[in-house]
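Peer 1: This one is start_10.txt, compact mmCIF, C-alpha atoms.
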# COMPACT_ATOMS: atom_id res chain seq x y z
CA MET R 1 0.09 -20.36 -45.09
CA THR R 2 2.46 -17.38 -45.08
CA LEU R 3 -0.37 -15.06 -44.01
CA PHE R 4 -1.35 -17.49 -41.24
CA LEU R 5 2.24 -17.62 -39.97
CA GLU R 6 2.51 -13.82 -39.99
CA ARG R 7 -0.65 -13.53 -37.92
CA LEU R 8 0.52 -16.30 -35.61
CA ILE R 9 3.88 -14.58 -35.06
CA SER R 10 2.14 -11.27 -34.43
CA GLY R 11 -0.16 -12.94 -31.91
CA LEU R 12 2.72 -14.65 -30.14
CA THR R 13 4.64 -11.37 -29.95
CA ASN R 14 1.72 -9.48 -28.41
CA GLY R 15 0.92 -12.48 -26.24
CA SER R 16 4.48 -12.51 -24.91
CA ILE R 17 4.04 -8.94 -23.66
CA TYR R 18 0.74 -9.89 -22.03
CA ALA R 19 2.45 -12.89 -20.45
CA ILE R 20 5.34 -10.84 -19.05
CA LEU R 21 2.99 -8.37 -17.36
CA ALA R 22 0.79 -11.25 -16.20
CA LEU R 23 3.86 -12.76 -14.52
CA ALA R 24 4.21 -9.53 -12.52
CA LEU R 25 0.59 -9.82 -11.40
CA VAL R 26 1.13 -13.45 -10.39
CA VAL R 27 4.21 -12.57 -8.32
CA VAL R 28 2.25 -9.99 -6.31
CA PHE R 29 -0.75 -12.27 -5.94
CA ARG R 30 1.38 -15.16 -4.72
CA ALA R 31 2.98 -12.90 -2.12
CA THR R 32 -0.06 -10.98 -0.90
CA GLY R 33 -3.20 -12.60 -2.32
CA THR R 34 -4.19 -9.35 -4.05
CA ILE R 35 -4.07 -8.00 -7.61
CA ASN R 36 -1.95 -4.88 -8.10
CA PHE R 37 -4.14 -2.64 -10.25
CA ALA R 38 -1.32 -0.11 -10.46
CA GLN R 39 1.01 -2.59 -12.17
CA GLY R 40 0.41 -1.23 -15.66
CA GLU R 41 0.92 2.40 -14.70
CA LEU R 42 4.06 1.55 -12.75
CA ALA R 43 5.36 -0.07 -15.94
CA LEU R 44 4.36 3.05 -17.87
CA PHE R 45 6.18 5.35 -15.46
CA THR R 46 9.42 3.37 -15.58
CA THR R 47 9.19 3.23 -19.38
CA PHE R 48 8.96 7.02 -19.44
CA VAL R 49 12.09 7.10 -17.29
CA ALA R 50 13.91 4.83 -19.76
CA TRP R 51 12.81 7.03 -22.67
CA TRP R 52 13.92 10.19 -20.84
CA LEU R 53 17.35 8.71 -20.16
CA THR R 54 17.78 7.90 -23.87
CA THR R 55 17.11 11.58 -24.64
CA MET R 56 20.00 12.34 -22.27
CA SER R 57 22.30 10.27 -24.53
CA TRP R 58 22.21 7.16 -22.37
CA PRO R 59 22.68 3.88 -24.26
CA ILE R 60 19.38 2.05 -24.55
CA TRP R 61 20.42 -0.93 -22.42
CA SER R 62 21.81 1.34 -19.69
CA ALA R 63 18.54 3.29 -19.69
CA ILE R 64 16.55 0.07 -19.43
CA GLY R 65 18.75 -1.17 -16.57
CA ALA R 66 18.23 2.08 -14.66
CA ALA R 67 14.47 1.89 -15.27
CA LEU R 68 14.36 -1.69 -13.95
CA ALA R 69 16.30 -0.68 -10.84
CA LEU R 70 13.95 2.25 -10.26
CA GLY R 71 11.01 -0.12 -10.74
CA PHE R 72 12.28 -2.39 -7.99
CA LEU R 73 12.74 0.55 -5.63
CA LEU R 74 9.28 1.98 -6.38
CA GLY R 75 7.60 -1.40 -6.02
CA ALA R 76 9.23 -2.09 -2.66
CA LEU R 77 8.43 1.40 -1.37
CA MET R 78 4.82 1.15 -2.52
CA GLU R 79 4.37 -2.05 -0.58
CA ARG R 80 6.16 -0.77 2.53
CA LEU R 81 4.64 2.72 2.72
CA LEU R 82 1.20 2.43 1.11
CA ILE R 83 -0.01 -1.17 0.85
CA ARG R 84 1.17 -2.64 4.14
CA PRO R 85 -0.49 -0.06 6.45
CA VAL R 86 -3.93 -0.75 4.94
CA GLN R 87 -3.64 -4.45 4.08
CA ARG R 88 -4.60 -5.63 7.56
CA ARG R 89 -7.82 -3.63 7.43
CA SER R 90 -9.48 -5.09 4.36
CA ASP R 91 -8.92 -6.14 0.75
CA MET R 92 -11.11 -3.21 -0.31
CA ALA R 93 -8.66 -0.78 1.28
CA VAL R 94 -5.81 -2.31 -0.75
CA LEU R 95 -7.93 -2.02 -3.90
CA ILE R 96 -8.61 1.66 -3.25
CA VAL R 97 -4.92 2.39 -2.63
CA ALA R 98 -3.95 0.53 -5.82
CA LEU R 99 -6.48 2.52 -7.84
CA GLY R 100 -5.11 5.70 -6.28
CA LEU R 101 -1.62 4.68 -7.35
CA PHE R 102 -2.98 3.97 -10.84
CA THR R 103 -4.24 7.51 -11.29
CA GLY R 104 -1.35 9.08 -9.36
CA LEU R 105 1.42 7.47 -11.44
CA ASN R 106 -0.37 8.32 -14.69
CA SER R 107 -0.85 11.94 -13.63
CA LEU R 108 2.75 12.23 -12.43
CA ALA R 109 4.03 10.92 -15.77
CA GLY R 110 1.87 13.52 -17.55
CA MET R 111 3.17 16.31 -15.31
CA LEU R 112 6.81 15.36 -15.82
CA TRP R 113 6.83 14.49 -19.52
CA GLY R 114 3.61 15.85 -21.00
CA SER R 115 0.79 14.11 -22.83
CA ASP R 116 2.29 14.12 -26.33
CA THR R 117 3.47 10.84 -27.85
CA LYS R 118 7.13 9.87 -27.43
CA ILE R 119 9.27 7.64 -29.65
CA MET R 120 10.88 4.87 -27.59
CA PRO R 121 13.90 3.26 -29.27
CA SER R 122 13.92 -0.52 -29.47
CA PRO R 123 16.64 -2.46 -27.63
CA PHE R 124 16.64 -4.99 -30.49
CA PRO R 125 17.40 -4.61 -34.21
CA ASN R 126 14.19 -3.52 -35.95
CA GLY R 127 15.27 -2.21 -39.33
CA PRO R 128 13.63 -3.30 -42.60
CA THR R 129 16.34 -5.91 -43.16
CA ASP R 130 16.58 -7.14 -39.55
CA TYR R 131 14.47 -10.25 -39.82
CA ILE R 132 14.60 -14.00 -40.31
CA SER R 133 12.25 -15.94 -42.57
CA VAL R 134 10.06 -18.70 -41.11
CA GLY R 135 7.98 -20.49 -43.71
CA GLY R 136 7.95 -17.34 -45.80
CA ALA R 137 6.85 -15.15 -42.87
CA ARG R 138 9.20 -12.48 -41.56
CA VAL R 139 10.16 -12.45 -37.89
CA TYR R 140 11.78 -9.09 -37.13
CA GLY R 141 14.46 -8.63 -34.51
CA ASP R 142 12.31 -6.82 -31.96
CA ALA R 143 9.57 -9.48 -32.12
CA LEU R 144 12.14 -12.25 -31.75
CA GLY R 145 13.71 -10.38 -28.84
CA VAL R 146 10.38 -10.23 -27.01
CA LEU R 147 9.83 -13.98 -27.43
CA VAL R 148 13.33 -14.75 -26.16
CA ALA R 149 12.85 -12.35 -23.23
CA LEU R 150 9.69 -14.21 -22.20
CA VAL R 151 11.44 -17.59 -22.24
CA VAL R 152 14.42 -16.28 -20.26
CA LEU R 153 12.15 -14.55 -17.75
CA LEU R 154 10.06 -17.68 -17.20
CA VAL R 155 13.19 -19.76 -16.59
CA LEU R 156 14.58 -17.17 -14.16
CA MET R 157 11.30 -16.93 -12.25
CA SER R 158 11.05 -20.71 -12.00
CA LEU R 159 14.60 -20.87 -10.65
CA LEU R 160 13.82 -18.03 -8.21
CA PHE R 161 10.82 -19.79 -6.70
CA ARG R 162 12.29 -23.28 -6.70
CA LYS R 163 16.03 -22.91 -6.06
CA THR R 164 16.68 -19.73 -4.07
CA ARG R 165 16.15 -18.98 -0.41
CA VAL R 166 14.25 -15.77 -1.19
CA GLY R 167 11.97 -17.57 -3.62
CA LEU R 168 11.21 -20.36 -1.17
CA HIS R 169 10.43 -17.76 1.50
CA MET R 170 8.10 -15.98 -0.95
CA ARG R 171 6.24 -19.23 -1.53
CA ALA R 172 6.02 -19.83 2.21
CA VAL R 173 4.63 -16.35 2.87
CA ALA R 174 2.11 -16.72 0.07
CA ASP R 175 0.94 -20.07 1.43
CA ASN R 176 0.66 -19.02 5.09
CA ALA R 177 2.20 -15.78 6.29
CA GLU R 178 1.68 -16.53 9.99
CA SER R 179 3.34 -19.94 9.79
CA ALA R 180 6.21 -18.48 7.78
CA THR R 181 6.76 -15.83 10.46
CA LEU R 182 6.82 -18.47 13.18
CA ALA R 183 9.41 -20.36 11.14
CA GLY R 184 11.71 -17.34 11.19
CA VAL R 185 10.90 -15.82 7.80
CA SER R 186 11.01 -12.01 7.67
CA THR R 187 7.57 -11.54 6.17
CA SER R 188 7.87 -7.78 5.79
CA ARG R 189 11.14 -8.05 3.86
CA ILE R 190 9.80 -10.81 1.62
CA LEU R 191 6.65 -8.86 0.75
CA ALA R 192 8.70 -5.79 -0.19
CA ILE R 193 10.98 -7.93 -2.36
CA GLY R 194 7.96 -9.54 -4.02
CA TRP R 195 6.50 -6.19 -4.99
CA GLY R 196 9.91 -5.01 -6.15
CA VAL R 197 10.42 -8.07 -8.36
CA ALA R 198 6.94 -7.63 -9.83
CA ALA R 199 7.71 -3.99 -10.62
CA VAL R 200 10.90 -5.02 -12.42
CA ILE R 201 8.97 -7.50 -14.55
CA GLY R 202 6.33 -4.89 -15.33
CA ALA R 203 9.00 -2.35 -16.29
CA LEU R 204 10.50 -4.92 -18.65
CA ALA R 205 7.11 -5.38 -20.30
CA GLY R 206 6.80 -1.63 -20.76
CA VAL R 207 10.16 -1.06 -22.43
CA LEU R 208 9.63 -4.07 -24.71
CA VAL R 209 6.07 -3.32 -25.84
CA THR R 210 6.42 0.42 -26.47
CA PRO R 211 8.64 0.19 -29.58
CA LEU R 212 6.18 -2.37 -31.02
CA SER R 213 3.09 -0.24 -30.32
CA PRO R 214 1.70 1.88 -33.19
CA GLN R 215 0.88 4.56 -30.59
CA GLN R 216 4.43 4.43 -29.21
CA LEU R 217 4.79 5.90 -25.70
CA GLY R 218 1.80 7.85 -24.35
CA LEU R 219 -0.24 8.07 -21.19
CA THR R 220 -2.66 5.37 -22.39
CA THR R 221 -0.09 2.95 -23.81
CA MET R 222 -0.15 0.41 -20.97
CA PHE R 223 -3.85 0.37 -20.10
CA PRO R 224 -4.99 -2.09 -22.82
CA ILE R 225 -1.88 -4.17 -22.13
CA PHE R 226 -2.78 -4.34 -18.44
CA ILE R 227 -6.37 -5.41 -19.23
CA ALA R 228 -5.14 -8.23 -21.46
CA ALA R 229 -2.48 -9.24 -18.92
CA SER R 230 -5.09 -9.36 -16.14
CA ALA R 231 -7.25 -11.61 -18.27
CA ALA R 232 -4.20 -13.78 -19.01
CA ALA R 233 -3.41 -14.15 -15.31
CA LEU R 234 -7.04 -15.05 -14.54
CA PHE R 235 -7.20 -17.47 -17.44
CA GLY R 236 -4.01 -19.30 -16.50
CA GLY R 237 -4.48 -19.07 -12.73
CA LEU R 238 -3.43 -16.19 -10.50
CA ASP R 239 -0.93 -18.34 -8.62
CA SER R 240 0.66 -20.04 -11.63
CA LEU R 241 3.70 -18.77 -13.55
CA VAL R 242 3.12 -21.23 -16.36
CA GLY R 243 -0.55 -20.28 -16.42
CA ALA R 244 0.34 -16.60 -16.90
CA VAL R 245 2.47 -17.47 -19.93
CA VAL R 246 -0.14 -19.80 -21.44
CA GLY R 247 -2.88 -17.25 -20.82
CA GLY R 248 -0.90 -14.39 -22.35
CA LEU R 249 0.04 -16.32 -25.47
CA THR R 250 -3.52 -17.60 -25.86
CA ILE R 251 -5.04 -14.13 -25.71
CA GLY R 252 -2.43 -12.73 -28.09
CA VAL R 253 -3.03 -15.42 -30.70
CA LEU R 254 -6.83 -15.18 -30.32
CA GLU R 255 -6.74 -11.43 -30.90
CA SER R 256 -4.55 -11.80 -33.97
CA MET R 257 -6.59 -14.58 -35.53
CA LEU R 258 -9.98 -13.03 -34.78
CA SER R 259 -9.03 -9.68 -36.29
CA GLY R 260 -7.32 -11.36 -39.23
CA TYR R 261 -10.03 -13.80 -40.27
CA ILE R 262 -13.21 -12.05 -39.14
CA SER R 263 -13.42 -8.74 -40.97
CA VAL R 264 -15.91 -7.06 -38.62
CA ILE R 265 -13.57 -7.53 -35.65
CA GLY R 266 -10.86 -4.97 -35.10
CA GLY R 267 -9.60 -2.35 -32.68
CA SER R 268 -11.26 -2.53 -29.27
CA LEU R 269 -13.73 -5.16 -30.52
CA GLN R 270 -10.77 -7.43 -31.23
CA GLN R 271 -9.71 -7.38 -27.59
CA THR R 272 -13.29 -7.64 -26.34
CA SER R 273 -13.98 -10.76 -28.41
CA ALA R 274 -10.91 -12.52 -27.06
CA LEU R 275 -11.78 -11.59 -23.48
CA LEU R 276 -15.33 -12.89 -23.90
CA ILE R 277 -13.89 -16.28 -24.83
CA ILE R 278 -11.74 -16.19 -21.71
CA VAL R 279 -14.78 -15.34 -19.55
CA VAL R 280 -16.61 -18.35 -20.93
CA ILE R 281 -13.66 -20.60 -20.09
CA LEU R 282 -13.48 -19.17 -16.56
CA PHE R 283 -17.12 -20.08 -16.03
CA VAL R 284 -16.07 -23.67 -16.58
CA ARG R 285 -12.86 -23.44 -14.52
CA PRO R 286 -12.97 -20.45 -12.14
CA ASN R 287 -9.45 -21.02 -10.79
CA GLY R 288 -7.97 -20.85 -14.27
CA LEU R 289 -6.27 -23.59 -16.21
CA PHE R 290 -3.37 -24.03 -13.79
CA GLY R 291 -4.72 -22.33 -10.67
CA THR R 292 -4.64 -24.11 -7.34
CA LYS R 293 -7.97 -25.06 -5.82
CA LYS R 294 -8.37 -23.96 -2.22
CA LEU R 295 -10.10 -26.29 0.19
CA GLU R 296 -11.80 -24.91 3.27
CA ARG R 297 -13.03 -26.87 6.25
CA VAL R 298 -16.45 -25.90 7.54
Give the structure from this file in structure tokens form.
Peer 2:
Amino acid sequence: MTLFLERLISGLTNGSIYAILALALVVVFRATGTINFAQGELALFTTFVAWWLTTMSWPIWSAIGAALALGFLLGALMERLLIRPVQRRSDMAVLIVALGLFTGLNSLAGMLWGSDTKIMPSPFPNGPTDYISVGGARVYGDALGVLVALVVLLVLMSLLFRKTRVGLHMRAVADNAESATLAGVSTSRILAIGWGVAAVIGALAGVLVTPLSPQQLGLTTMFPIFIAASAAALFGGLDSLVGAVVGGLTIGVLESMLSGYISVIGGSLQQTSALLIIVVILFVRPNGLFGTKKLERV
């Protein structure tokens, strides 16, 4: 039972990171109807910034705050300067620009900070004695911090979309941008804010996952996280905040259990096996578990 709990906790911790990044994908999709393929690399770049600031003797939380602020600025500028000019042409144009941003941000991070692995300090206690015992299994401070961060983020996002003027405008633009414009909503401002908020969420995922990663901070750190987060968003429904969380936690637990109880599964095969299960489920429910079905009149 102790071993099962340890694997469950590990899966929930990894799943929480997937869920946080999946929330960023959902925010962009709800605002624009597209998937931001540069989301992972934007998170990577802002995480490098946070690491660099810690090497300049910044306190870890101050460095994270600055990285989140930079993430918002970069996300809003990306939407305003790069995505918006091509979005009216075709979805393929947006995809190409996003892929260009993917490679560009990764290359820029390599140029500025090199390709060697960096050690990112954890914002939470992660020493050998910094843990609580749950049924004999140890839950360390950084893992507990990630779980708490996911819960707080989900509550804040729910309040944003349900209780604030900006959130309601974001929902209106996502539902029908033309109608929202006629109702007096500044669509351009809302889209920029949506991309900025998504970048902040992605940056948070980056600074939380890096101290937990065996590879620490490198140019490939966020790519597998982005793949799992994309699957989580698809599994839960690209327009559902709750679906992103459920999808992320599901994939994290599946990976942990499959690698723990099936000896031949590990490494990349661990992630592939979990994603295959998700693909099967999506064949049954293409819109995801909590996705909204769209009805078209013909």
Peer 1: Find the residues around R:Asp91 up to 9 Å (all atoms listed in the file counted), leave out those fewer than 5 positions away in its own chain, and share them as a list in words.
Peer 2: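 Surrounding residues, per the criterion: Thr34, Val86 and Ile96 of chain R.
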Peer 1: Using Å and a single decimal, report how far atom CA of R:Ala76 sits from atom CA of R:Thr46.
Peer 2: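 Atom-to-atom, atom CA of R:Thr46 to atom CA of R:Ala76, that is 14.0 Å.
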Peer 1: For a quick check of your reading of the model, name the residues lying within 10 Å of the coordinate (-3.1, -1.7, -22.8), counting only C-alpha atoms, and write them as a PyMOL selection string.
Peer 2: chain R and resi 18+40-41+209+213+220-229+271
Peer 1: Nearest to R:Phe283 among R:Val49, R:Leu12, R:Leu234, R:Leu160, with distances taken over all atoms listed in the file: which residue is it?
Peer 2: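 Between R:Val49, R:Leu12, R:Leu234, R:Leu160, the residue approaching R:Phe283 most closely is R:Leu234.
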Peer 1: Would you compute the distance between atom CA of R:Thr32 and atom CA of R:Ala174? Give it in Å to one decimal.
Peer 2: 6.2 Å
Peer 1: Identify, on the basis of only C-alpha atoms, every residue whose closest approach to R:Val155 does not exceed 12 Å; exclude the query and any residue fewer than 6 positions from it along the same chain; express the result as a PDB file with C-alpha atoms, keeping the file's coordinate frame.
Peer 2:
ATOM      1  CA  LEU R  23       3.860 -12.760 -14.520  1.00  0.00           C
ATOM      2  CA  VAL R 148      13.330 -14.750 -26.160  1.00  0.00           C
ATOM      3  CA  ALA R 149      12.850 -12.350 -23.230  1.00  0.00           C
ATOM      4  CA  PHE R 161      10.820 -19.790  -6.700  1.00  0.00           C
ATOM      5  CA  ARG R 162      12.290 -23.280  -6.700  1.00  0.00           C
ATOM      6  CA  LYS R 163      16.030 -22.910  -6.060  1.00  0.00           C
ATOM      7  CA  LEU R 241       3.700 -18.770 -13.550  1.00  0.00           C
ATOM      8  CA  VAL R 242       3.120 -21.230 -16.360  1.00  0.00           C
ATOM      9  CA  VAL R 245       2.470 -17.470 -19.930  1.00  0.00           C
TER      10      VAL R 245
END
Peer 1: For R:Leu254, which residue among R:Ile278, R:Gly236, R:Pro125, R:Leu144 is the nearest when counting all atoms listed in the file?
Peer 2: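 Looking at the shortest contact to R:Leu254, the residue is R:Ile278.
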Peer 1: In Å, with one decimal, what is the gap from atom CA of R:Leu101 to atom CA of R:Leu81?
Peer 2: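 Atom CA of R:Leu101 sits 12.0 Å away from atom CA of R:Leu81.
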Peer 1: Name the closest residue to R:Leu238 among the candidates R:Ser122, R:Ser158, R:Thr117, R:Asn36; distances are taken between atoms, counting only C-alpha atoms.
Peer 2: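 That would be R:Asn36, the residue with the smallest distance to R:Leu238.
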Peer 1: Can you work out which one of R:Gly167, R:Gly291, R:Gly114, R:Gly145 has the shortest atom-to-atom distance to R:Gly243, counting only C-alpha atoms?
Peer 2: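 The closest residue to R:Gly243 is R:Gly291.
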